[in-house]
file protein.cif (mmCIF, C-alpha atoms)
data_model
#
loop_
_atom_site.label_atom_id
_atom_site.label_comp_id
_atom_site.auth_asym_id
_atom_site.auth_seq_id
_atom_site.Cartn_x
_atom_site.Cartn_y
_atom_site.Cartn_z
CA MET A 1 14.19 -8.63 17.91
CA PHE A 2 12.78 -5.52 16.22
CA SER A 3 11.54 -2.22 17.61
CA ASP A 4 7.85 -1.48 18.00
CA ARG A 5 8.26 1.62 15.83
CA THR A 6 8.81 -0.61 12.77
CA ASN A 7 5.99 -3.01 13.55
CA TRP A 8 4.11 -2.12 10.39
CA ASN A 9 1.70 -4.34 8.53
CA LEU A 10 3.95 -5.34 5.64
CA ALA A 11 1.35 -7.43 3.81
CA HIS A 12 0.61 -6.21 0.29
CA ASN A 13 -2.85 -4.84 -0.29
CA ARG A 14 -4.99 -6.32 -3.07
CA LEU A 15 -4.25 -3.50 -5.51
CA SER A 16 -0.48 -3.83 -4.98
CA GLU A 17 -0.75 -7.57 -5.54
CA THR A 18 -2.72 -7.00 -8.74
CA LEU A 19 -0.15 -4.49 -9.97
CA ALA A 20 2.75 -6.86 -9.18
CA ARG A 21 0.98 -9.69 -10.98
CA THR A 22 0.30 -7.50 -14.02
CA GLN A 23 3.96 -6.47 -14.18
CA ALA A 24 5.22 -10.03 -13.68
CA GLN A 25 3.04 -11.23 -16.56
CA GLY A 26 4.48 -8.55 -18.81
CA SER A 27 1.03 -7.10 -19.46
CA SER A 28 1.00 -3.54 -20.71
CA PHE A 29 -1.02 -0.93 -18.86
CA LEU A 30 -1.46 2.84 -18.76
CA ASP A 31 -0.02 4.30 -15.56
CA LEU A 32 -2.09 7.31 -14.46
CA THR A 33 -0.23 7.55 -11.15
CA THR A 34 3.26 8.44 -12.36
CA SER A 35 5.09 10.99 -10.22
CA ASN A 36 8.62 10.67 -11.62
CA PRO A 37 9.25 13.61 -13.97
CA THR A 38 12.41 11.99 -15.39
CA GLU A 39 10.28 9.22 -16.95
CA CYS A 40 7.52 11.31 -18.49
CA GLY A 41 9.14 12.36 -21.75
CA LEU A 42 10.15 15.85 -20.58
CA ARG A 43 13.32 17.37 -21.99
CA TYR A 44 16.19 18.43 -19.73
CA ASN A 45 19.18 20.63 -20.39
CA SER A 46 21.43 17.60 -20.08
CA GLU A 47 24.56 19.48 -21.13
CA ALA A 48 24.20 22.09 -18.37
CA ILE A 49 23.28 19.49 -15.74
CA LEU A 50 26.20 17.18 -16.54
CA ARG A 51 28.66 20.06 -16.83
CA SER A 52 27.66 21.29 -13.37
CA LEU A 53 28.68 17.93 -11.89
CA GLN A 54 32.20 18.17 -13.31
CA ASN A 55 33.42 20.92 -10.99
CA PRO A 56 37.04 20.19 -9.87
CA ALA A 57 36.08 21.43 -6.40
CA VAL A 58 34.24 18.14 -5.82
CA LEU A 59 37.63 16.64 -4.95
CA THR A 60 37.85 18.78 -1.82
CA TYR A 61 35.77 18.07 1.29
CA ARG A 62 34.80 21.08 3.39
CA PRO A 63 31.84 19.97 5.48
CA ASP A 64 29.36 22.55 6.71
CA PRO A 65 26.44 21.32 8.86
CA LYS A 66 24.04 23.77 7.27
CA GLY A 67 25.33 23.12 3.76
CA LEU A 68 27.91 24.89 1.63
CA PRO A 69 27.49 28.69 1.66
CA GLY A 70 27.24 28.92 -2.13
CA ALA A 71 24.43 26.38 -2.24
CA ARG A 72 22.53 28.13 0.55
CA ALA A 73 23.00 31.45 -1.27
CA ALA A 74 21.39 29.84 -4.35
CA VAL A 75 18.40 28.81 -2.21
CA ALA A 76 18.15 32.36 -0.84
CA GLN A 77 18.10 33.61 -4.44
CA TYR A 78 15.29 31.15 -5.22
CA TYR A 79 13.19 32.74 -2.47
CA ARG A 80 14.17 36.18 -3.73
CA SER A 81 12.61 35.22 -7.07
CA HIS A 82 9.40 34.66 -5.07
CA GLY A 83 9.70 38.16 -3.59
CA ILE A 84 10.82 36.94 -0.16
CA GLU A 85 14.06 37.72 1.63
CA VAL A 86 15.46 34.68 3.42
CA SER A 87 18.98 34.78 4.83
CA ALA A 88 21.29 31.98 3.78
CA GLU A 89 22.06 31.61 7.48
CA ASP A 90 18.44 30.60 8.09
CA ILE A 91 18.62 27.72 5.59
CA ILE A 92 19.69 24.14 6.26
CA LEU A 93 20.28 21.78 3.34
CA THR A 94 19.09 18.18 3.51
CA THR A 95 19.12 15.22 1.14
CA SER A 96 15.32 15.15 0.93
CA THR A 97 12.21 16.71 2.38
CA SER A 98 11.80 13.47 4.34
CA GLU A 99 15.13 14.15 6.04
CA ALA A 100 14.08 17.76 6.66
CA TYR A 101 10.90 16.47 8.30
CA SER A 102 12.93 14.11 10.48
CA PHE A 103 15.17 16.99 11.63
CA VAL A 104 12.14 19.11 12.55
CA PHE A 105 10.32 16.23 14.25
CA ARG A 106 13.41 15.49 16.35
CA LEU A 107 13.81 19.16 17.19
CA LEU A 108 10.24 19.66 18.36
CA CYS A 109 9.03 16.38 19.80
CA ASN A 110 9.74 14.05 22.66
CA PRO A 111 8.57 10.44 22.18
CA GLY A 112 4.78 10.40 22.19
CA ASP A 113 4.33 14.08 21.37
CA GLU A 114 1.85 14.97 18.66
CA LEU A 115 1.76 16.78 15.33
CA LEU A 116 -1.35 17.77 13.40
CA VAL A 117 -1.41 16.76 9.72
CA PRO A 118 -3.99 17.39 7.00
CA ALA A 119 -6.34 14.74 5.64
CA PRO A 120 -6.53 14.04 2.77
CA SER A 121 -2.81 14.14 2.12
CA TYR A 122 -0.04 11.78 1.07
CA PRO A 123 0.71 8.83 3.35
CA LEU A 124 4.41 9.56 3.92
CA PHE A 125 3.71 11.28 7.22
CA GLU A 126 2.70 8.07 8.97
CA TYR A 127 6.03 6.37 8.38
CA LEU A 128 8.07 9.45 9.22
CA ALA A 129 6.17 9.86 12.47
CA ASP A 130 6.57 6.21 13.43
CA ILE A 131 10.33 6.31 12.85
CA GLN A 132 10.64 9.46 14.99
CA ASP A 133 8.32 8.14 17.77
CA VAL A 134 5.83 10.91 17.08
CA LYS A 135 2.05 10.58 17.05
CA LEU A 136 -0.09 12.13 14.33
CA SER A 137 -3.50 13.67 14.73
CA PRO A 138 -5.38 14.49 11.50
CA TYR A 139 -7.31 17.65 10.78
CA SER A 140 -9.76 17.74 7.91
CA LEU A 141 -9.73 19.46 4.58
CA VAL A 142 -13.34 19.82 3.51
CA TYR A 143 -14.71 20.40 0.03
CA ASP A 144 -17.34 23.00 -0.77
CA HIS A 145 -16.79 24.51 -4.22
CA GLY A 146 -13.10 24.15 -3.41
CA TRP A 147 -10.97 22.79 -0.61
CA GLN A 148 -10.58 24.53 2.71
CA ILE A 149 -9.17 23.79 6.16
CA ASP A 150 -11.72 22.83 8.79
CA LEU A 151 -10.31 25.17 11.43
CA HIS A 152 -12.82 24.06 14.07
CA ALA A 153 -11.76 20.43 13.63
CA LEU A 154 -8.13 21.51 13.76
CA GLU A 155 -8.61 23.31 17.07
CA ARG A 156 -10.48 20.33 18.51
CA ALA A 157 -7.53 18.09 17.58
CA LEU A 158 -5.07 20.16 19.65
CA THR A 159 -3.92 18.65 22.93
CA ALA A 160 -1.37 19.46 25.61
CA ARG A 161 1.12 17.30 23.69
CA THR A 162 0.72 19.03 20.32
CA ARG A 163 4.07 20.44 19.23
CA GLY A 164 3.31 21.61 15.72
CA LEU A 165 0.98 21.50 12.78
CA VAL A 166 1.79 20.62 9.19
CA VAL A 167 0.37 22.35 6.12
CA VAL A 168 1.04 21.16 2.59
CA HIS A 169 0.96 24.23 0.34
CA PRO A 170 -0.45 23.29 -2.12
CA ASN A 171 -1.78 20.02 -0.80
CA ASN A 172 -1.00 16.71 -2.42
CA PRO A 173 -3.26 15.43 -3.94
CA THR A 174 -6.09 17.95 -3.49
CA GLY A 175 -4.14 20.92 -4.89
CA HIS A 176 -5.42 23.24 -2.14
CA PHE A 177 -3.38 26.38 -1.43
CA VAL A 178 -3.60 27.79 2.09
CA LYS A 179 -5.63 31.00 1.80
CA ASN A 180 -4.68 34.26 3.53
CA ALA A 181 -7.50 33.97 6.07
CA GLU A 182 -6.51 30.39 6.85
CA ARG A 183 -2.90 31.42 7.13
CA GLY A 184 -3.76 34.12 9.63
CA ALA A 185 -5.80 31.67 11.69
CA LEU A 186 -2.99 29.10 11.67
CA ASN A 187 -0.49 31.70 12.86
CA GLU A 188 -2.86 32.76 15.62
CA ILE A 189 -3.29 29.15 16.76
CA CYS A 190 0.45 28.49 16.71
CA THR A 191 1.48 31.67 18.50
CA SER A 192 -1.21 31.38 21.18
CA ARG A 193 -0.36 27.72 21.84
CA GLY A 194 3.41 28.03 21.50
CA ILE A 195 3.61 25.44 18.73
CA ALA A 196 5.42 25.43 15.40
CA LEU A 197 4.12 25.72 11.86
CA ILE A 198 5.62 23.26 9.36
CA ALA A 199 4.98 24.14 5.70
CA ASP A 200 5.61 21.60 2.95
CA GLU A 201 5.96 23.58 -0.29
CA VAL A 202 7.28 21.03 -2.76
CA PHE A 203 4.53 21.96 -5.27
CA LEU A 204 4.55 25.72 -4.60
CA ASP A 205 5.95 26.56 -8.05
CA PHE A 206 3.07 24.91 -9.91
CA PRO A 207 -0.10 27.00 -9.44
CA LEU A 208 -2.98 26.32 -11.83
CA GLU A 209 -5.14 29.31 -10.99
CA PRO A 210 -4.30 33.03 -11.24
CA GLN A 211 -3.48 33.56 -7.61
CA SER A 212 -0.46 34.51 -5.58
CA ALA A 213 1.31 31.39 -4.34
CA THR A 214 3.07 33.00 -1.38
CA SER A 215 5.67 30.97 0.47
CA PHE A 216 5.56 30.54 4.24
CA ALA A 217 9.33 31.13 4.31
CA GLY A 218 8.87 34.78 5.20
CA GLU A 219 6.63 34.18 8.23
CA THR A 220 7.58 36.20 11.30
CA ARG A 221 4.68 35.46 13.64
CA ALA A 222 4.96 31.75 14.53
CA LEU A 223 8.13 29.66 14.51
CA THR A 224 7.95 28.30 10.97
CA PHE A 225 9.82 25.58 9.12
CA THR A 226 9.41 25.69 5.33
CA LEU A 227 10.41 22.57 3.40
CA THR A 228 10.98 22.00 -0.31
CA GLY A 229 13.63 20.80 -2.75
CA ILE A 230 14.72 20.23 -6.32
CA SER A 231 12.85 16.95 -6.73
CA LYS A 232 9.81 18.94 -7.87
CA ILE A 233 11.18 22.47 -8.40
CA CYS A 234 13.76 21.29 -10.95
CA GLY A 235 12.36 17.85 -11.73
CA LEU A 236 15.53 16.23 -10.40
CA PRO A 237 14.54 13.70 -7.71
CA GLN A 238 17.68 11.64 -8.38
CA MET A 239 19.98 14.47 -7.25
CA LYS A 240 18.74 14.26 -3.63
CA MET A 241 18.73 17.89 -2.56
CA ALA A 242 16.19 19.67 -0.37
CA TRP A 243 16.21 22.26 2.38
CA LEU A 244 14.35 23.78 5.27
CA ALA A 245 14.12 27.50 5.90
CA VAL A 246 13.54 28.67 9.46
CA SER A 247 11.64 31.86 10.20
CA GLY A 248 9.65 33.45 13.01
CA PRO A 249 10.38 35.51 16.14
CA GLU A 250 14.11 36.15 16.27
CA GLN A 251 14.90 34.61 19.65
CA VAL A 252 13.13 31.30 19.14
CA LYS A 253 14.32 31.15 15.52
CA THR A 254 17.93 31.47 16.69
CA GLN A 255 17.47 28.72 19.25
CA ALA A 256 15.91 26.44 16.64
CA LEU A 257 18.76 27.02 14.18
CA GLU A 258 21.40 26.33 16.83
CA ARG A 259 19.81 22.99 17.66
CA LEU A 260 19.16 22.08 14.02
CA GLU A 261 22.80 22.75 13.21
CA ILE A 262 23.86 20.13 15.76
CA ILE A 263 21.33 17.64 14.37
CA ALA A 264 22.63 18.26 10.85
CA ASP A 265 26.25 18.05 12.02
CA THR A 266 25.53 14.63 13.51
CA TYR A 267 24.68 13.26 10.07
CA LEU A 268 26.53 15.49 7.56
CA SER A 269 24.46 13.80 4.87
CA MET A 270 24.92 16.36 2.09
CA ASN A 271 27.33 15.47 -0.71
CA THR A 272 29.65 18.05 -2.25
CA PRO A 273 28.98 17.53 -6.02
CA VAL A 274 25.25 18.23 -5.79
CA GLN A 275 25.73 21.23 -3.51
CA LEU A 276 28.20 22.76 -5.96
CA ALA A 277 25.82 22.05 -8.84
CA LEU A 278 22.74 23.50 -7.14
CA PRO A 279 23.00 27.02 -8.69
CA ALA A 280 23.06 25.44 -12.16
CA PHE A 281 20.16 23.13 -11.31
CA LEU A 282 18.05 26.07 -10.19
CA ASP A 283 19.04 28.10 -13.26
CA GLN A 284 17.72 25.40 -15.61
CA ARG A 285 14.38 24.98 -13.85
CA THR A 286 12.56 27.56 -16.01
CA ASP A 287 12.36 25.40 -19.13
CA PHE A 288 11.44 22.31 -17.09
CA HIS A 289 8.70 24.30 -15.38
CA ARG A 290 7.31 25.52 -18.70
CA GLN A 291 7.15 22.01 -20.16
CA LEU A 292 5.60 20.49 -17.09
CA MET A 293 2.92 23.16 -16.75
CA GLU A 294 2.04 22.77 -20.42
CA ARG A 295 1.64 19.03 -19.80
CA VAL A 296 -0.47 19.53 -16.68
CA ARG A 297 -2.76 22.11 -18.29
CA SER A 298 -3.16 20.01 -21.43
CA ASN A 299 -4.12 16.92 -19.45
CA LEU A 300 -6.46 18.89 -17.23
CA SER A 301 -8.19 20.32 -20.29
CA GLU A 302 -8.51 16.87 -21.85
CA LEU A 303 -9.87 15.46 -18.59
CA ASP A 304 -12.51 18.19 -18.42
CA ARG A 305 -13.44 17.63 -22.08
CA GLN A 306 -14.07 13.94 -21.55
CA LEU A 307 -15.89 14.48 -18.27
CA SER A 308 -18.24 16.95 -19.99
CA LEU A 309 -19.51 14.07 -22.15
CA GLN A 310 -20.87 12.13 -19.17
CA ASN A 311 -22.65 12.83 -15.89
CA SER A 312 -21.57 10.07 -13.53
CA MET A 313 -18.47 11.68 -12.09
CA ASN A 314 -16.80 15.06 -11.78
CA ARG A 315 -13.41 16.64 -11.12
CA LEU A 316 -12.83 18.48 -7.87
CA ARG A 317 -11.26 21.91 -8.02
CA VAL A 318 -7.45 21.86 -8.12
CA GLU A 319 -5.46 25.05 -7.53
CA GLY A 320 -1.93 23.72 -7.93
CA GLY A 321 0.32 20.68 -8.13
CA TRP A 322 0.42 17.67 -10.42
CA TYR A 323 -2.71 15.74 -9.48
CA ALA A 324 -6.46 15.69 -10.07
CA VAL A 325 -9.10 14.19 -7.81
CA LEU A 326 -12.22 12.66 -9.35
CA ARG A 327 -15.47 12.11 -7.48
CA VAL A 328 -16.94 8.83 -8.70
CA PRO A 329 -20.07 6.89 -7.75
CA ALA A 330 -19.39 4.97 -4.53
CA THR A 331 -21.04 1.78 -5.76
CA ARG A 332 -18.02 -0.20 -4.59
CA SER A 333 -14.83 0.53 -2.71
CA ASP A 334 -12.21 2.69 -4.37
CA GLU A 335 -9.78 -0.23 -4.18
CA GLU A 336 -12.20 -2.55 -5.98
CA LEU A 337 -12.68 0.06 -8.71
CA ALA A 338 -8.91 0.48 -9.12
CA ILE A 339 -8.41 -3.30 -9.30
CA SER A 340 -11.17 -3.64 -11.88
CA LEU A 341 -9.64 -0.87 -13.99
CA LEU A 342 -6.25 -2.53 -13.95
CA GLU A 343 -7.53 -6.05 -14.64
CA THR A 344 -10.13 -5.28 -17.29
CA LYS A 345 -8.95 -2.03 -18.90
CA GLY A 346 -5.20 -1.93 -18.28
CA VAL A 347 -5.35 1.39 -16.41
CA TYR A 348 -3.64 2.03 -13.08
CA VAL A 349 -5.05 4.74 -10.80
CA HIS A 350 -4.76 5.49 -7.09
CA PRO A 351 -7.85 4.95 -4.94
CA GLY A 352 -8.74 7.77 -2.57
CA HIS A 353 -8.06 5.77 0.57
CA PHE A 354 -4.32 5.88 -0.25
CA TYR A 355 -4.54 9.55 0.75
CA ASN A 356 -6.99 9.21 3.65
CA PHE A 357 -10.05 10.55 1.89
CA PRO A 358 -13.06 10.40 4.22
CA GLY A 359 -14.83 7.61 2.36
CA ASP A 360 -15.17 5.80 -0.94
CA GLY A 361 -15.88 7.56 -4.21
CA TYR A 362 -12.50 9.19 -4.94
CA VAL A 363 -9.85 8.46 -7.58
CA VAL A 364 -6.54 10.32 -7.93
CA LEU A 365 -4.83 10.84 -11.31
CA SER A 366 -1.38 12.18 -12.16
CA LEU A 367 -1.44 15.14 -14.54
CA ILE A 368 2.17 14.65 -15.69
CA THR A 369 1.37 11.40 -17.51
CA PRO A 370 2.23 11.70 -21.24
CA GLU A 371 -0.77 13.23 -23.02
CA GLN A 372 -1.66 10.30 -25.26
CA ASP A 373 -1.57 7.80 -22.41
CA PHE A 374 -3.54 10.16 -20.19
CA SER A 375 -6.28 10.70 -22.76
CA GLU A 376 -6.68 7.00 -23.48
CA GLY A 377 -6.52 6.13 -19.80
CA VAL A 378 -9.26 8.60 -18.89
CA ASN A 379 -11.40 7.25 -21.74
CA ARG A 380 -11.09 3.72 -20.36
CA LEU A 381 -11.77 4.93 -16.82
CA ILE A 382 -14.98 6.62 -17.91
CA SER A 383 -16.11 3.48 -19.74
CA VAL A 384 -15.87 1.48 -16.50
CA VAL A 385 -17.41 4.03 -14.16
#
call {"tool": "encode", "arguments": {"input": "protein.cif", "output": "structure tokens"}}
result
Amino acid sequence: MFSDRTNWNLAHNRLSETLARTQAQGSSFLDLTTSNPTECGLRYNSEAILRSLQNPAVLTYRPDPKGLPGARAAVAQYYRSHGIEVSAEDIILTTSTSEAYSFVFRLLCNPGDELLVPAPSYPLFEYLADIQDVKLSPYSLVYDHGWQIDLHALERALTARTRGLVVVHPNNPTGHFVKNAERGALNEICTSRGIALIADEVFLDFPLEPQSATSFAGETRALTFTLTGISKICGLPQMKMAWLAVSGPEQVKTQALERLEIIADTYLSMNTPVQLALPAFLDQRTDFHRQLMERVRSNLSELDRQLSLQNSMNRLRVEGGWYAVLRVPATRSDEELAISLLETKGVYVHPGHFYNFPGDGYVVLSLITPEQDFSEGVNRLISVV
């Protein structure tokens, strides 16, 4: 009765079962995986946000496949704040980065075509690819005093059916920013092979090291699709607003935009109230950003302090984003460690295999967890490891 593309293994893994049982029993636990900024005790300019949703113009429907001009102009201004000129005509609004991915996958790929994706990275790609009848081929991020792209492995993964490669800038959860040399190599690979570059920049605004976090939105060499949205930039995942910016050689960019406009027109998924409110949402992001970065830096400092008191595990370098990766002794599987932490210490962490780490011995922590919970959770984690 159902399509092969949805023939997923829907059985719960042991950690999910343990978490569900813990919640059903009403047992308290410290969640070191939280990714929802609206539930982390951060303050929002609620007056400005709510006022922006009361625009009388919401009563009028004027659909635009790319998104309302005023909203796209606000996105162009966002890029201008990053020192990059992006025309509003080269921007297409979507309800989420997942939808933006689906548009790009449909644009580039026939059923069975391939896209290269980084590993480790978050597992969303697998489901998006399945739904769009696309195959994924991983390329490795390797760690040596910091994360870097294994360009040789990436080139070996290319086939005649490769239509594009995905970079997450910075990566989730490793926090790796694509370096200038890597960026040049990726552009060379894409232009020589006639494939597209797809840049996920949802965490671009959250660098943790003094470096230039340059967006891919200004790329002119390869056909480039840059994806992000207000879920992370403004801490407003409930407002469902993202976009993709198209750049690259003028002729192929124009062709891509023409086709994307028809894809977007087929769905017309954007709602008017949020589009009208987007300039206000972006205006209020500065205070949210300040609070969140203070939280992330505070938790990172506390994590390093506690790790300095032991010698059984260490933190891997993180350049940006909201997560930290710990290297722990691989005396058991990461899943078994996570289950033990939840059952015996009341601490929930993500095992590395959730993100396709190459083996056991990795734990991923969220750095936006409230400070007191984070400190206590790390203390309990260390006591188990």
call {"tool": "closest_residue", "arguments": {"input": "protein.cif", "among": "A:Thr60, A:Gln54, A:Thr159, A:Asn180", "to": "A:Ser215", "atoms": "all atoms listed in the file"}}
result
A:Asn180
call {"tool": "closest_residue", "arguments": {"input": "protein.cif", "among": "A:Ile198, A:Cys109, A:Val274, A:Ala185", "to": "A:Arg161", "atoms": "all atoms listed in the file"}}
result
A:Cys109
call {"tool": "residues_around", "arguments": {"input": "protein.cif", "residues": "A:Asn299", "least_positions_apart": "3", "cutoff": "7 Å", "atoms": "all atoms listed in the file", "output": "list in words"}}
result
Arg295, Val296, Glu302, Leu303, Leu367, Glu371 and Phe374 of chain A
call {"tool": "resolve_selection", "arguments": {"input": "protein.cif", "expression": "the PyMOL selection byres ((chain A and resi 267-270) around 8)", "output": "count of residues only"}}
result
15
call {"tool": "closest_residue", "arguments": {"input": "protein.cif", "among": "A:Leu244, A:Val142, A:Leu50, A:Leu107", "to": "A:Ala88", "atoms": "all atoms listed in the file"}}
result
A:Leu244
call {"tool": "resolve_selection", "arguments": {"input": "protein.cif", "expression": "the PyMOL selection byres ((chain A and resi 171) around 9)", "output": "list in words"}}
result
Pro118, Pro120, Ser121, Tyr122, Val167, Val168, His169, Pro170, Asn172, Pro173, Thr174, Gly175, His176, Phe177, Val178, Asp200, Glu201, Phe203, Gly320 and Gly321 of chain A
call {"tool": "resolve_selection", "arguments": {"input": "protein.cif", "expression": "the PyMOL selection byres ((chain A and resi 336) around 12)", "output": "MDAnalysis selection string"}}
result
chainID A and resid 13:16 18 330:335 337:344 349:353 360:363 384:385
call {"tool": "write_last_selection", "arguments": {"input": "protein.cif", "atoms": "C-alpha atoms", "output": "PDB file, in the frame of the given file"}}
result
ATOM      1  CA  ASN A  13      -2.850  -4.840  -0.290  1.00  0.00           C
ATOM      2  CA  ARG A  14      -4.990  -6.320  -3.070  1.00  0.00           C
ATOM      3  CA  LEU A  15      -4.250  -3.500  -5.510  1.00  0.00           C
ATOM      4  CA  SER A  16      -0.480  -3.830  -4.980  1.00  0.00           C
ATOM      5  CA  THR A  18      -2.720  -7.000  -8.740  1.00  0.00           C
ATOM      6  CA  ALA A 330     -19.390   4.970  -4.530  1.00  0.00           C
ATOM      7  CA  THR A 331     -21.040   1.780  -5.760  1.00  0.00           C
ATOM      8  CA  ARG A 332     -18.020  -0.200  -4.590  1.00  0.00           C
ATOM      9  CA  SER A 333     -14.830   0.530  -2.710  1.00  0.00           C
ATOM     10  CA  ASP A 334     -12.210   2.690  -4.370  1.00  0.00           C
ATOM     11  CA  GLU A 335      -9.780  -0.230  -4.180  1.00  0.00           C
ATOM     12  CA  LEU A 337     -12.680   0.060  -8.710  1.00  0.00           C
ATOM     13  CA  ALA A 338      -8.910   0.480  -9.120  1.00  0.00           C
ATOM     14  CA  ILE A 339      -8.410  -3.300  -9.300  1.00  0.00           C
ATOM     15  CA  SER A 340     -11.170  -3.640 -11.880  1.00  0.00           C
ATOM     16  CA  LEU A 341      -9.640  -0.870 -13.990  1.00  0.00           C
ATOM     17  CA  LEU A 342      -6.250  -2.530 -13.950  1.00  0.00           C
ATOM     18  CA  GLU A 343      -7.530  -6.050 -14.640  1.00  0.00           C
ATOM     19  CA  THR A 344     -10.130  -5.280 -17.290  1.00  0.00           C
ATOM     20  CA  VAL A 349      -5.050   4.740 -10.800  1.00  0.00           C
ATOM     21  CA  HIS A 350      -4.760   5.490  -7.090  1.00  0.00           C
ATOM     22  CA  PRO A 351      -7.850   4.950  -4.940  1.00  0.00           C
ATOM     23  CA  GLY A 352      -8.740   7.770  -2.570  1.00  0.00           C
ATOM     24  CA  HIS A 353      -8.060   5.770   0.570  1.00  0.00           C
ATOM     25  CA  ASP A 360     -15.170   5.800  -0.940  1.00  0.00           C
ATOM     26  CA  GLY A 361     -15.880   7.560  -4.210  1.00  0.00           C
ATOM     27  CA  TYR A 362     -12.500   9.190  -4.940  1.00  0.00           C
ATOM     28  CA  VAL A 363      -9.850   8.460  -7.580  1.00  0.00           C
ATOM     29  CA  VAL A 384     -15.870   1.480 -16.500  1.00  0.00           C
ATOM     30  CA  VAL A 385     -17.410   4.030 -14.160  1.00  0.00           C
TER      31      VAL A 385
END
call {"tool": "residues_near_point", "arguments": {"input": "protein.cif", "point": "(19.6, 30.1, -0.7)", "cutoff": "9 Å", "atoms": "only C-alpha atoms", "output": "compact mmCIF listing (two decimals) with C-alpha atoms, in the frame of the given file"}}
result
# COMPACT_ATOMS: atom_id res chain seq x y z
CA PRO A 69 27.49 28.69 1.66
CA GLY A 70 27.24 28.92 -2.13
CA ALA A 71 24.43 26.38 -2.24
CA ARG A 72 22.53 28.13 0.55
CA ALA A 73 23.00 31.45 -1.27
CA ALA A 74 21.39 29.84 -4.35
CA VAL A 75 18.40 28.81 -2.21
CA ALA A 76 18.15 32.36 -0.84
CA GLN A 77 18.10 33.61 -4.44
CA TYR A 78 15.29 31.15 -5.22
CA TYR A 79 13.19 32.74 -2.47
CA ARG A 80 14.17 36.18 -3.73
CA VAL A 86 15.46 34.68 3.42
CA SER A 87 18.98 34.78 4.83
CA ALA A 88 21.29 31.98 3.78
CA GLU A 89 22.06 31.61 7.48
CA ASP A 90 18.44 30.60 8.09
CA ILE A 91 18.62 27.72 5.59
CA ALA A 245 14.12 27.50 5.90
call {"tool": "closest_residue", "arguments": {"input": "protein.cif", "among": "A:Ala324, A:Ala100, A:Val134, A:Val246", "to": "A:Glu258", "atoms": "all atoms listed in the file"}}
result
A:Val246
